[in-house]
$ cat entry-v9.txt   # compact mmCIF, C-alpha atoms
# COMPACT_ATOMS: atom_id res chain seq x y z
CA MET A 1470 106.95 127.13 83.84
CA PRO A 1471 104.45 129.67 84.96
CA THR A 1472 105.51 133.25 85.17
CA THR A 1473 104.13 136.67 84.60
CA ALA A 1474 107.49 138.02 83.59
CA GLU A 1475 107.33 140.63 80.92
CA ARG A 1476 109.58 140.50 77.92
CA PRO A 1477 112.67 142.61 78.26
CA GLY A 1478 111.74 145.89 76.68
CA ALA A 1479 108.10 144.85 76.23
CA THR A 1480 105.32 147.16 77.29
CA GLY A 1481 102.38 144.82 77.74
CA PRO A 1482 101.61 142.28 80.45
CA ALA A 1483 103.41 138.95 80.29
CA GLU A 1484 104.03 138.83 76.61
CA ALA A 1485 105.95 135.70 77.17
CA GLY A 1486 103.59 133.22 78.55
CA ARG A 1487 104.49 130.48 76.21
CA ALA A 1488 103.99 127.22 77.69
CA ALA A 1489 104.90 124.04 76.62
CA ASP A 1490 107.59 122.52 78.27
CA ALA A 1491 105.23 120.71 79.36
CA GLY A 1492 107.39 118.57 80.54
CA ALA A 1493 105.05 117.22 80.51
CA ALA A 1494 106.10 120.19 80.80
CA GLY A 1495 107.08 123.49 80.82
CA ALA A 1496 104.70 126.15 80.83
CA ALA A 1497 106.81 129.21 80.73
CA ASP A 1498 106.59 132.83 80.15
CA ARG A 1499 108.76 133.70 77.30
CA ALA A 1500 111.19 136.40 78.07
CA GLY A 1501 111.07 137.20 74.41
CA ALA A 1502 112.73 139.66 72.13
CA GLY A 1503 111.50 143.11 72.92
CA THR A 1504 112.13 146.36 71.20
CA GLY A 1505 113.81 148.22 74.02
CA PRO A 1506 117.29 148.14 75.47
CA ALA A 1507 117.13 144.51 76.40
CA ALA A 1508 116.51 143.58 72.81
CA ALA A 1509 119.52 145.53 71.74
CA ASP A 1510 121.55 143.92 74.50
CA PRO A 1511 120.66 140.22 74.44
CA GLY A 1512 122.73 139.61 77.50
CA ALA A 1513 120.92 142.18 79.57
CA ALA A 1514 120.19 141.08 83.08
CA PRO A 1515 116.66 140.68 84.36
CA HIS A 1516 115.76 143.38 86.77
CA GLY A 1517 112.89 144.78 88.77
CA GLY A 1518 109.47 143.16 88.56
CA ALA A 1519 110.34 141.19 85.42
CA GLY A 1520 113.37 139.65 87.09
CA ARG A 1521 111.40 138.73 90.19
CA ALA A 1522 108.62 137.21 88.09
CA ALA A 1523 111.12 135.21 86.07
CA ARG A 1524 112.71 133.86 89.25
CA ARG A 1525 109.26 132.88 90.50
CA ALA A 1526 108.76 130.97 87.26
CA VAL A 1527 111.75 128.72 87.69
CA THR A 1528 110.88 128.19 91.35
CA VAL A 1529 107.14 127.67 91.36
CA PHE A 1530 106.70 125.45 88.32
CA PRO A 1531 108.84 122.51 89.56
CA VAL A 1532 107.01 122.70 92.89
CA LEU A 1533 103.64 122.47 91.16
CA VAL A 1534 104.80 119.54 89.05
CA LEU A 1535 106.24 117.73 92.07
CA ALA A 1536 102.96 118.20 93.93
CA ALA A 1537 101.04 116.86 90.95
CA GLY A 1538 103.33 113.85 90.73
CA ALA A 1539 102.87 113.16 94.42
CA LEU A 1540 99.11 113.26 93.98
CA GLY A 1541 99.35 110.89 91.05
CA MET A 1542 101.36 108.46 93.17
CA ALA A 1543 99.12 108.75 96.21
CA THR A 1544 95.79 108.45 94.40
CA PRO A 1545 96.45 106.83 91.01
CA GLY A 1546 92.81 105.83 90.62
CA THR A 1547 91.85 109.50 90.53
CA PHE A 1548 94.00 110.37 87.54
CA THR A 1549 94.33 107.15 85.53
CA PRO A 1550 90.91 107.61 83.83
CA TRP A 1551 92.14 110.96 82.50
CA GLY A 1552 94.72 109.32 80.23
CA GLU A 1553 92.72 109.99 77.08
CA ASP A 1554 92.54 113.70 77.96
CA VAL A 1555 96.30 114.27 77.86
CA PRO A 1556 96.37 115.40 74.19
CA TYR A 1557 93.62 117.93 74.89
CA LEU A 1558 95.50 119.28 77.90
CA LEU A 1559 98.60 119.67 75.76
CA GLY A 1560 96.47 121.44 73.15
CA VAL A 1561 95.46 123.98 75.81
CA VAL A 1562 99.12 124.58 76.63
CA MET A 1563 100.05 125.06 72.98
CA PHE A 1564 97.08 127.36 72.33
CA CYS A 1565 98.29 129.54 75.21
CA MET A 1566 101.72 129.55 73.59
CA GLY A 1567 100.22 130.70 70.29
CA LEU A 1568 98.35 133.52 72.04
CA THR A 1569 101.64 134.98 73.21
CA MET A 1570 103.37 134.84 69.82
CA THR A 1571 103.83 137.88 67.61
CA PRO A 1572 105.24 138.36 64.10
CA ARG A 1573 108.49 139.69 65.56
CA ASP A 1574 109.27 136.18 66.79
CA PHE A 1575 109.46 135.08 63.16
CA ARG A 1576 111.22 138.22 61.94
CA GLY A 1577 114.06 137.31 64.27
CA VAL A 1578 114.63 134.15 62.23
CA ALA A 1579 115.06 136.13 59.00
CA ARG A 1580 117.53 138.47 60.65
CA ARG A 1581 119.78 135.67 61.94
CA PRO A 1582 119.25 132.58 59.79
CA TRP A 1583 122.73 131.16 60.41
CA ALA A 1584 122.47 131.24 64.21
CA VAL A 1585 118.89 129.94 64.23
CA GLY A 1586 119.75 127.18 61.76
CA LEU A 1587 122.70 126.12 63.89
CA GLY A 1588 120.47 126.04 66.95
CA LEU A 1589 117.93 123.84 65.20
CA VAL A 1590 120.55 121.40 63.90
CA ALA A 1591 122.24 121.22 67.31
CA HIS A 1592 118.90 120.64 69.03
CA TYR A 1593 117.67 117.91 66.73
CA VAL A 1594 121.04 116.14 66.51
CA ILE A 1595 122.46 116.36 70.03
CA MET A 1596 119.41 115.50 72.15
CA PRO A 1597 118.08 112.59 70.05
CA GLY A 1598 121.60 111.17 69.78
CA LEU A 1599 122.19 111.51 73.52
CA GLY A 1600 118.86 109.81 74.24
CA TRP A 1601 119.85 106.83 72.11
CA LEU A 1602 123.32 106.58 73.65
CA ILE A 1603 122.02 106.85 77.23
CA ALA A 1604 119.32 104.24 76.61
CA HIS A 1605 121.99 101.79 75.47
CA ALA A 1606 124.59 102.74 78.07
CA LEU A 1607 122.16 102.26 80.97
CA GLY A 1608 120.50 99.18 79.50
CA LEU A 1609 117.03 100.68 79.80
CA SER A 1610 113.96 98.55 79.21
CA PRO A 1611 112.32 99.03 75.80
CA GLN A 1612 109.56 101.23 77.24
CA LEU A 1613 111.93 103.51 79.15
CA ALA A 1614 114.43 103.60 76.28
CA ALA A 1615 111.73 104.72 73.86
CA GLY A 1616 110.58 107.32 76.38
CA VAL A 1617 114.06 108.80 76.83
CA ILE A 1618 114.63 108.92 73.08
CA LEU A 1619 111.23 110.53 72.51
CA VAL A 1620 112.12 113.30 74.98
CA GLY A 1621 115.28 113.90 72.97
CA CYS A 1622 113.34 114.10 69.71
CA ALA A 1623 110.87 116.69 71.04
CA PRO A 1624 111.16 120.37 70.11
CA SER A 1625 112.71 122.93 72.40
CA GLY A 1626 110.97 123.67 75.66
CA THR A 1627 109.66 127.20 76.06
CA ALA A 1628 111.00 127.34 79.60
CA SER A 1629 114.34 127.80 77.86
CA ASN A 1630 113.43 131.38 77.02
CA VAL A 1631 112.98 132.62 80.56
CA VAL A 1632 116.03 130.67 81.73
CA THR A 1633 118.10 132.28 78.96
CA TYR A 1634 116.83 135.63 80.22
CA LEU A 1635 117.96 134.82 83.76
CA ALA A 1636 121.36 133.68 82.46
CA ARG A 1637 121.91 137.03 80.68
CA GLY A 1638 121.88 135.16 77.39
CA ASP A 1639 120.63 136.02 73.90
CA VAL A 1640 116.86 135.95 74.45
CA ALA A 1641 116.00 136.87 70.86
CA LEU A 1642 117.93 133.85 69.55
CA SER A 1643 116.34 131.62 72.19
CA VAL A 1644 112.82 132.67 71.18
CA SER A 1645 113.58 132.16 67.48
CA VAL A 1646 115.00 128.66 67.92
CA ALA A 1647 112.17 127.58 70.25
CA THR A 1648 109.52 128.92 67.88
CA VAL A 1649 110.91 127.30 64.73
CA SER A 1650 111.68 123.98 66.43
CA THR A 1651 108.03 123.82 67.53
CA VAL A 1652 106.73 124.61 64.04
CA LEU A 1653 109.02 121.96 62.52
CA ALA A 1654 108.16 119.29 65.10
CA PRO A 1655 105.58 117.48 62.91
CA LEU A 1656 108.25 117.02 60.21
CA VAL A 1657 111.19 116.16 62.45
CA THR A 1658 110.07 114.44 65.66
CA PRO A 1659 108.26 111.39 64.15
CA PRO A 1660 111.02 110.28 61.71
CA LEU A 1661 113.71 110.80 64.34
CA THR A 1662 111.73 108.73 66.82
CA LEU A 1663 111.21 105.99 64.23
CA LEU A 1664 114.92 105.97 63.39
CA LEU A 1665 116.22 105.85 66.96
CA ALA A 1666 113.44 104.25 69.02
CA GLY A 1667 112.22 101.81 66.38
CA GLU A 1668 114.70 99.19 67.56
CA PHE A 1669 113.05 99.18 71.00
CA LEU A 1670 109.34 99.47 70.17
CA PRO A 1671 107.17 99.72 67.03
CA VAL A 1672 106.74 103.38 66.02
CA ASP A 1673 103.85 104.57 63.84
CA ALA A 1674 105.47 107.72 62.49
CA SER A 1675 102.53 108.74 60.31
CA ALA A 1676 100.11 108.59 63.25
CA MET A 1677 102.61 110.57 65.31
CA VAL A 1678 102.71 113.28 62.64
CA THR A 1679 98.92 113.54 62.79
CA ASP A 1680 98.95 113.78 66.59
CA ILE A 1681 101.59 116.53 66.60
CA LEU A 1682 99.65 118.49 64.00
CA LYS A 1683 96.47 118.24 66.07
CA THR A 1684 97.93 118.85 69.53
CA VAL A 1685 100.78 121.24 68.74
CA LEU A 1686 100.78 123.00 65.40
CA LEU A 1687 97.06 123.68 64.98
CA PRO A 1688 96.59 125.01 68.54
CA VAL A 1689 99.69 127.20 68.18
CA LEU A 1690 98.49 128.60 64.86
CA GLY A 1691 95.00 129.08 66.31
CA GLY A 1692 96.38 131.02 69.24
CA LEU A 1693 98.55 133.12 66.95
CA ALA A 1694 95.54 133.91 64.74
CA VAL A 1695 93.48 134.97 67.77
CA ARG A 1696 96.36 137.15 68.96
CA LEU A 1697 96.68 138.85 65.58
CA VAL A 1698 92.95 139.54 65.29
CA LEU A 1699 92.00 140.26 68.91
CA GLY A 1700 95.34 141.15 70.47
CA ARG A 1701 94.25 144.61 71.60
CA TYR A 1702 91.37 143.08 73.57
CA LEU A 1703 93.32 140.37 75.36
CA GLY A 1704 94.87 142.73 77.87
CA ARG A 1705 95.49 141.19 81.24
CA LEU A 1706 94.38 137.79 79.99
CA LEU A 1707 97.92 137.28 78.70
CA GLY A 1708 99.25 137.44 82.24
CA ALA A 1709 97.00 134.55 83.28
CA LEU A 1710 97.96 132.26 80.41
CA PRO A 1711 101.11 130.83 82.04
CA TRP A 1712 99.08 129.77 85.06
CA VAL A 1713 96.45 128.11 82.87
CA SER A 1714 99.28 126.27 81.15
CA ALA A 1715 100.86 125.35 84.47
CA VAL A 1716 97.67 123.72 85.69
CA ALA A 1717 97.29 121.77 82.45
CA VAL A 1718 100.91 120.62 82.58
CA SER A 1719 100.62 119.60 86.22
CA VAL A 1720 97.57 117.48 85.44
CA ILE A 1721 99.49 115.81 82.59
CA VAL A 1722 102.26 114.89 85.02
CA ALA A 1723 99.75 113.55 87.55
CA VAL A 1724 98.17 111.38 84.85
CA VAL A 1725 101.54 110.06 83.66
CA VAL A 1726 102.70 109.23 87.19
CA ALA A 1727 99.38 107.60 88.07
CA GLY A 1728 99.55 105.40 84.98
CA SER A 1729 102.97 104.02 85.91
CA SER A 1730 102.86 104.30 89.71
CA ALA A 1731 103.51 100.59 90.20
CA ALA A 1732 106.73 100.73 88.16
CA ILE A 1733 108.05 104.00 89.55
CA ARG A 1734 109.29 102.52 92.82
CA SER A 1735 111.64 100.16 91.01
CA ALA A 1736 112.61 102.38 88.07
CA ALA A 1737 112.66 105.88 89.57
CA ALA A 1738 116.40 106.00 90.36
CA LEU A 1739 117.39 104.73 86.91
CA VAL A 1740 115.05 107.14 85.15
CA LEU A 1741 116.37 110.05 87.20
CA LEU A 1742 119.94 109.12 86.29
CA ALA A 1743 119.03 108.96 82.60
CA VAL A 1744 117.29 112.33 82.75
CA VAL A 1745 120.12 114.05 84.62
CA LEU A 1746 122.68 112.74 82.12
CA HIS A 1747 120.49 113.66 79.14
CA ASN A 1748 119.79 117.18 80.30
CA GLY A 1749 123.28 117.89 81.66
CA LEU A 1750 125.12 116.70 78.57
CA GLY A 1751 122.63 118.56 76.36
CA LEU A 1752 123.30 121.84 78.19
CA ALA A 1753 127.07 121.36 77.97
CA LEU A 1754 127.13 120.31 74.30
CA GLY A 1755 124.70 123.06 73.31
CA TYR A 1756 126.94 125.66 74.90
CA GLY A 1757 129.97 124.05 73.28
CA ALA A 1758 128.32 124.18 69.85
CA GLY A 1759 127.75 127.91 70.24
CA ARG A 1760 131.33 128.53 71.29
CA LEU A 1761 132.67 126.35 68.49
CA ALA A 1762 130.65 128.38 65.98
CA ARG A 1763 132.00 131.59 67.58
CA LEU A 1764 128.53 132.94 68.30
CA GLY A 1765 129.70 134.76 71.42
CA THR A 1766 128.88 134.21 75.08
CA PRO A 1767 125.21 135.40 75.19
CA ALA A 1768 124.27 133.36 72.10
CA SER A 1769 126.16 130.31 73.40
CA ARG A 1770 124.17 130.49 76.61
CA ALA A 1771 120.96 130.57 74.58
CA MET A 1772 122.19 127.55 72.62
CA ALA A 1773 122.83 125.65 75.86
CA PHE A 1774 119.23 126.01 76.99
CA GLU A 1775 117.70 125.54 73.54
CA VAL A 1776 119.52 122.22 73.19
CA GLY A 1777 119.26 120.95 76.77
CA MET A 1778 115.64 121.85 77.57
CA GLN A 1779 112.83 119.95 75.86
CA ASN A 1780 109.08 120.15 75.32
CA SER A 1781 108.59 117.22 77.63
CA GLY A 1782 104.83 117.79 77.69
CA LEU A 1783 104.64 116.85 74.03
CA ALA A 1784 106.91 113.87 74.68
CA ALA A 1785 104.67 112.71 77.53
CA SER A 1786 101.56 113.04 75.40
CA LEU A 1787 103.08 111.12 72.49
CA ALA A 1788 104.53 108.44 74.76
CA THR A 1789 101.18 107.91 76.45
CA ALA A 1790 99.34 107.71 73.13
CA HIS A 1791 101.83 105.60 71.16
CA PHE A 1792 103.73 103.56 73.74
CA SER A 1793 102.60 103.34 77.38
CA PRO A 1794 102.37 105.40 80.58
CA LEU A 1795 105.71 103.88 81.64
CA ALA A 1796 107.33 105.27 78.48
CA ALA A 1797 106.01 108.70 79.48
CA LEU A 1798 107.77 108.55 82.86
CA PRO A 1799 111.10 110.01 81.58
CA SER A 1800 109.15 112.98 80.22
CA ALA A 1801 107.50 113.64 83.57
CA VAL A 1802 110.85 113.47 85.40
CA PHE A 1803 112.49 115.63 82.73
CA SER A 1804 109.72 118.18 83.21
CA VAL A 1805 110.80 118.79 86.79
CA TRP A 1806 114.55 118.31 86.50
CA HIS A 1807 115.32 120.53 83.52
CA ASN A 1808 113.61 123.48 85.19
CA VAL A 1809 115.65 122.95 88.34
CA SER A 1810 118.94 122.45 86.49
CA GLY A 1811 118.18 125.30 84.10
CA ALA A 1812 117.59 127.70 86.98
CA LEU A 1813 120.82 126.64 88.70
CA VAL A 1814 122.91 126.93 85.54
CA ALA A 1815 121.31 130.28 84.71
CA ALA A 1816 122.14 131.60 88.20
CA TRP A 1817 125.75 130.47 87.80
CA MET A 1818 126.06 132.07 84.36
CA SER A 1819 124.52 135.32 85.57
CA HIS A 1820 126.91 135.38 88.52
CA ARG A 1821 129.87 134.91 86.18
CA SER A 1822 128.65 137.78 84.00
CA ARG A 1823 128.41 140.13 86.98
CA ARG A 1824 131.95 139.23 88.03
CA ALA A 1825 133.43 139.32 84.54
CA PRO A 1826 131.13 141.05 82.02
CA ASP A 1827 133.25 139.95 79.08
CA ALA A 1828 133.48 136.30 80.16
$ encode --input "entry-v9.txt" --output "structure tokens"
Amino acid sequence: MPTTAERPGATGPAEAGRAADAGAAGAADRAGAGTGPAAADPGAAPHGGAGRAARRAVTVFPVLVLAAGALGMATPGTFTPWGEDVPYLLGVVMFCMGLTMTPRDFRGVARRPWAVGLGLVAHYVIMPGLGWLIAHALGLSPQLAAGVILVGCAPSGTASNVVTYLARGDVALSVSVATVSTVLAPLVTPPLTLLLAGEFLPVDASAMVTDILKTVLLPVLGGLAVRLVLGRYLGRLLGALPWVSAVAVSVIVAVVVAGSSAAIRSAAALVLLAVVLHNGLGLALGYGAGRLARLGTPASRAMAFEVGMQNSGLAASLATAHFSPLAALPSAVFSVWHNVSGALVAAWMSHRSRRAPDA
């Protein structure tokens, strides 16, 4: 999700441009943990220019992705040859994410290991399990079933951070869970996919590990290294990163849709149903996990979005490389839907907070 929203309490331009939800998607500005009042009050409401920018993020990104999907459907021959470029496009997105990271993102993990650990376990248990259950319950074809499960096994989507911000949730916890889930993806996503999707299609987990290292972890670490060394010179460039990511993510969606355009007409309704169920149940169960653990309302809201929103860009890239363009279709649909649903749920939560601050 593109946005130039600044972090609450941050002083620089768009510190949070972390993009990946690539949902193939989500390029999103991270409304990360600042050092000002908003950091002290994780449930602080977005306001002023930052709030407006954050709202633009959750509005504009789905529109861009929808437009890209429409182009992919209308002119599949234009985008189909770009299939081999999807991993490189995802690498651009993840490099942009790394450029916006700072050491304080990792310090937040050390300060709250219990909450972050719970978020990681909930994310990597609830969403993969839901993907498997939904694939069976809806009787999805092997390609679509593997695609839905792969979305569930992906790390948290960075769009979750800005949506948590809009929902008056615990942004610091959201940033910590999203960061660590991304770093752990090479160790967690391939074996989970093999375990749950292996009954539908052959899964080469070792090759998947290599791909995640090359397209996710190395670009993120490279961006982080550049930020640490040249951060003072990046300046306004940080504000443009979400838009670079948004363009890359949109092209990924166009490529995915173009590659499976013939099957979309017959499978679109079923895929949409699977995605809506997957995302909706993930949001609800994530929030429930936070409440069950007595983390409090702001942290439970962060848990909802960290569990229910996925790095669907990574899922689309892996599905395209290891399965087929049709298997990547759930990722492309998830990319659009979870930004729409996240924005709606965040607006509802923020409205509840204004009416009953202690709710």
$ residues_around --input "entry-v9.txt" --residues "stretch 1730-1738 of chain A" --least-positions-apart "2" --cutoff "8 Å" --atoms "all atoms listed in the file" --output "PyMOL selection string"
chain A and resi 1541-1542+1545+1726-1728+1740-1742+1795
$ residues_around --input "entry-v9.txt" --residues "A:Pro1556" --least-positions-apart "4" --cutoff "10 Å" --atoms "all atoms listed in the file" --output "list in words"
Gly1552, Gly1560, Val1561, Val1562, Asp1680, Ile1681, Lys1683, Thr1684, Val1685, Ile1721, Gly1782, Leu1783, Ala1785, Ser1786, Leu1787, Thr1789 and Ala1790 of chain A
$ write_last_selection --input "entry-v9.txt" --atoms "C-alpha atoms" --output "compact mmCIF listing (two decimals), keeping the file's coordinate frame"
# COMPACT_ATOMS: atom_id res chain seq x y z
CA GLY A 1552 94.72 109.32 80.23
CA GLY A 1560 96.47 121.44 73.15
CA VAL A 1561 95.46 123.98 75.81
CA VAL A 1562 99.12 124.58 76.63
CA ASP A 1680 98.95 113.78 66.59
CA ILE A 1681 101.59 116.53 66.60
CA LYS A 1683 96.47 118.24 66.07
CA THR A 1684 97.93 118.85 69.53
CA VAL A 1685 100.78 121.24 68.74
CA ILE A 1721 99.49 115.81 82.59
CA GLY A 1782 104.83 117.79 77.69
CA LEU A 1783 104.64 116.85 74.03
CA ALA A 1785 104.67 112.71 77.53
CA SER A 1786 101.56 113.04 75.40
CA LEU A 1787 103.08 111.12 72.49
CA THR A 1789 101.18 107.91 76.45
CA ALA A 1790 99.34 107.71 73.13
$ closest_residue --input "entry-v9.txt" --among "A:Val1649, A:Ala1676, A:Pro1624, A:Val1720" --to "A:Asp1554" --atoms "all atoms listed in the file"
A:Val1720
$ closest_residue --input "entry-v9.txt" --among "A:Asn1780, A:Thr1571, A:Ser1625, A:Ser1769" --to "A:Arg1637" --atoms "only C-alpha atoms"
A:Ser1769
$ closest_residue --input "entry-v9.txt" --among "A:Val1532, A:Met1596, A:Leu1642, A:Ala1788" --to "A:Gly1759" --atoms "all atoms listed in the file"
A:Leu1642
$ atom_distance --input "entry-v9.txt" --atom1 "atom CA of A:Phe1669" --atom2 "atom CA of A:Pro1611"
4.9 Å
$ closest_residue --input "entry-v9.txt" --among "A:Ala1762, A:Ala1539, A:Leu1587, A:Leu1710" --to "A:Ser1650" --atoms "all atoms listed in the file"
A:Leu1587
$ closest_residue --input "entry-v9.txt" --among "A:Val1534, A:Ala1654, A:Ala1694, A:Val1716" --to "A:Gln1779" --atoms "all atoms listed in the file"
A:Ala1654
$ atom_distance --input "entry-v9.txt" --atom1 "atom CA of A:Arg1770" --atom2 "atom CA of A:Asn1630"
10.8 Å
$ atom_distance --input "entry-v9.txt" --atom1 "atom CA of A:Ala1674" --atom2 "atom CA of A:Cys1622"
12.4 Å
$ closest_residue --input "entry-v9.txt" --among "A:Leu1697, A:Leu1665, A:Val1776, A:Val1689" --to "A:Pro1572" --atoms "only C-alpha atoms"
A:Leu1697
$ residues_around --input "entry-v9.txt" --residues "A:Leu1690" --least-positions-apart "5" --cutoff "10 Å" --atoms "only C-alpha atoms" --output "list in words"
Met1563, Phe1564, Met1566, Gly1567, Leu1568, Met1570, Val1652, Val1685, Val1695 and Arg1696 of chain A
$ residues_near_point --input "entry-v9.txt" --point "(111.7, 114.3, 78.2)" --cutoff "7 Å" --atoms "all atoms listed in the file" --output "ChimeraX atom specification"
/A:1492,1617,1619-1621,1779,1781,1784,1799-1801,1803-1804
$ write_last_selection --input "entry-v9.txt" --atoms "C-alpha atoms" --output "compact mmCIF listing (two decimals), in the coordinates of the input"
# COMPACT_ATOMS: atom_id res chain seq x y z
CA GLY A 1492 107.39 118.57 80.54
CA VAL A 1617 114.06 108.80 76.83
CA LEU A 1619 111.23 110.53 72.51
CA VAL A 1620 112.12 113.30 74.98
CA GLY A 1621 115.28 113.90 72.97
CA GLN A 1779 112.83 119.95 75.86
CA SER A 1781 108.59 117.22 77.63
CA ALA A 1784 106.91 113.87 74.68
CA PRO A 1799 111.10 110.01 81.58
CA SER A 1800 109.15 112.98 80.22
CA ALA A 1801 107.50 113.64 83.57
CA PHE A 1803 112.49 115.63 82.73
CA SER A 1804 109.72 118.18 83.21
$ residues_around --input "entry-v9.txt" --residues "A:Ala1796" --least-positions-apart "3" --cutoff "6 Å" --atoms "only C-alpha atoms" --output "PDB file with C-alpha atoms, keeping the file's coordinate frame"
ATOM      1  CA  GLN A1612     109.560 101.230  77.240  1.00  0.00           C
ATOM      2  CA  LEU A1613     111.930 103.510  79.150  1.00  0.00           C
ATOM      3  CA  GLY A1616     110.580 107.320  76.380  1.00  0.00           C
ATOM      4  CA  ALA A1788     104.530 108.440  74.760  1.00  0.00           C
ATOM      5  CA  SER A1793     102.600 103.340  77.380  1.00  0.00           C
TER       6      SER A1793
END
$ residues_around --input "entry-v9.txt" --residues "A:Val1632" --least-positions-apart "5" --cutoff "7 Å" --atoms "all atoms listed in the file" --output "PyMOL selection string"
chain A and resi 1811-1812+1815
$ write_last_selection --input "entry-v9.txt" --atoms "C-alpha atoms" --output "PDB file, keeping the file's coordinate frame"
ATOM      1  CA  GLY A1811     118.180 125.300  84.100  1.00  0.00           C
ATOM      2  CA  ALA A1812     117.590 127.700  86.980  1.00  0.00           C
ATOM      3  CA  ALA A1815     121.310 130.280  84.710  1.00  0.00           C
TER       4      ALA A1815
END
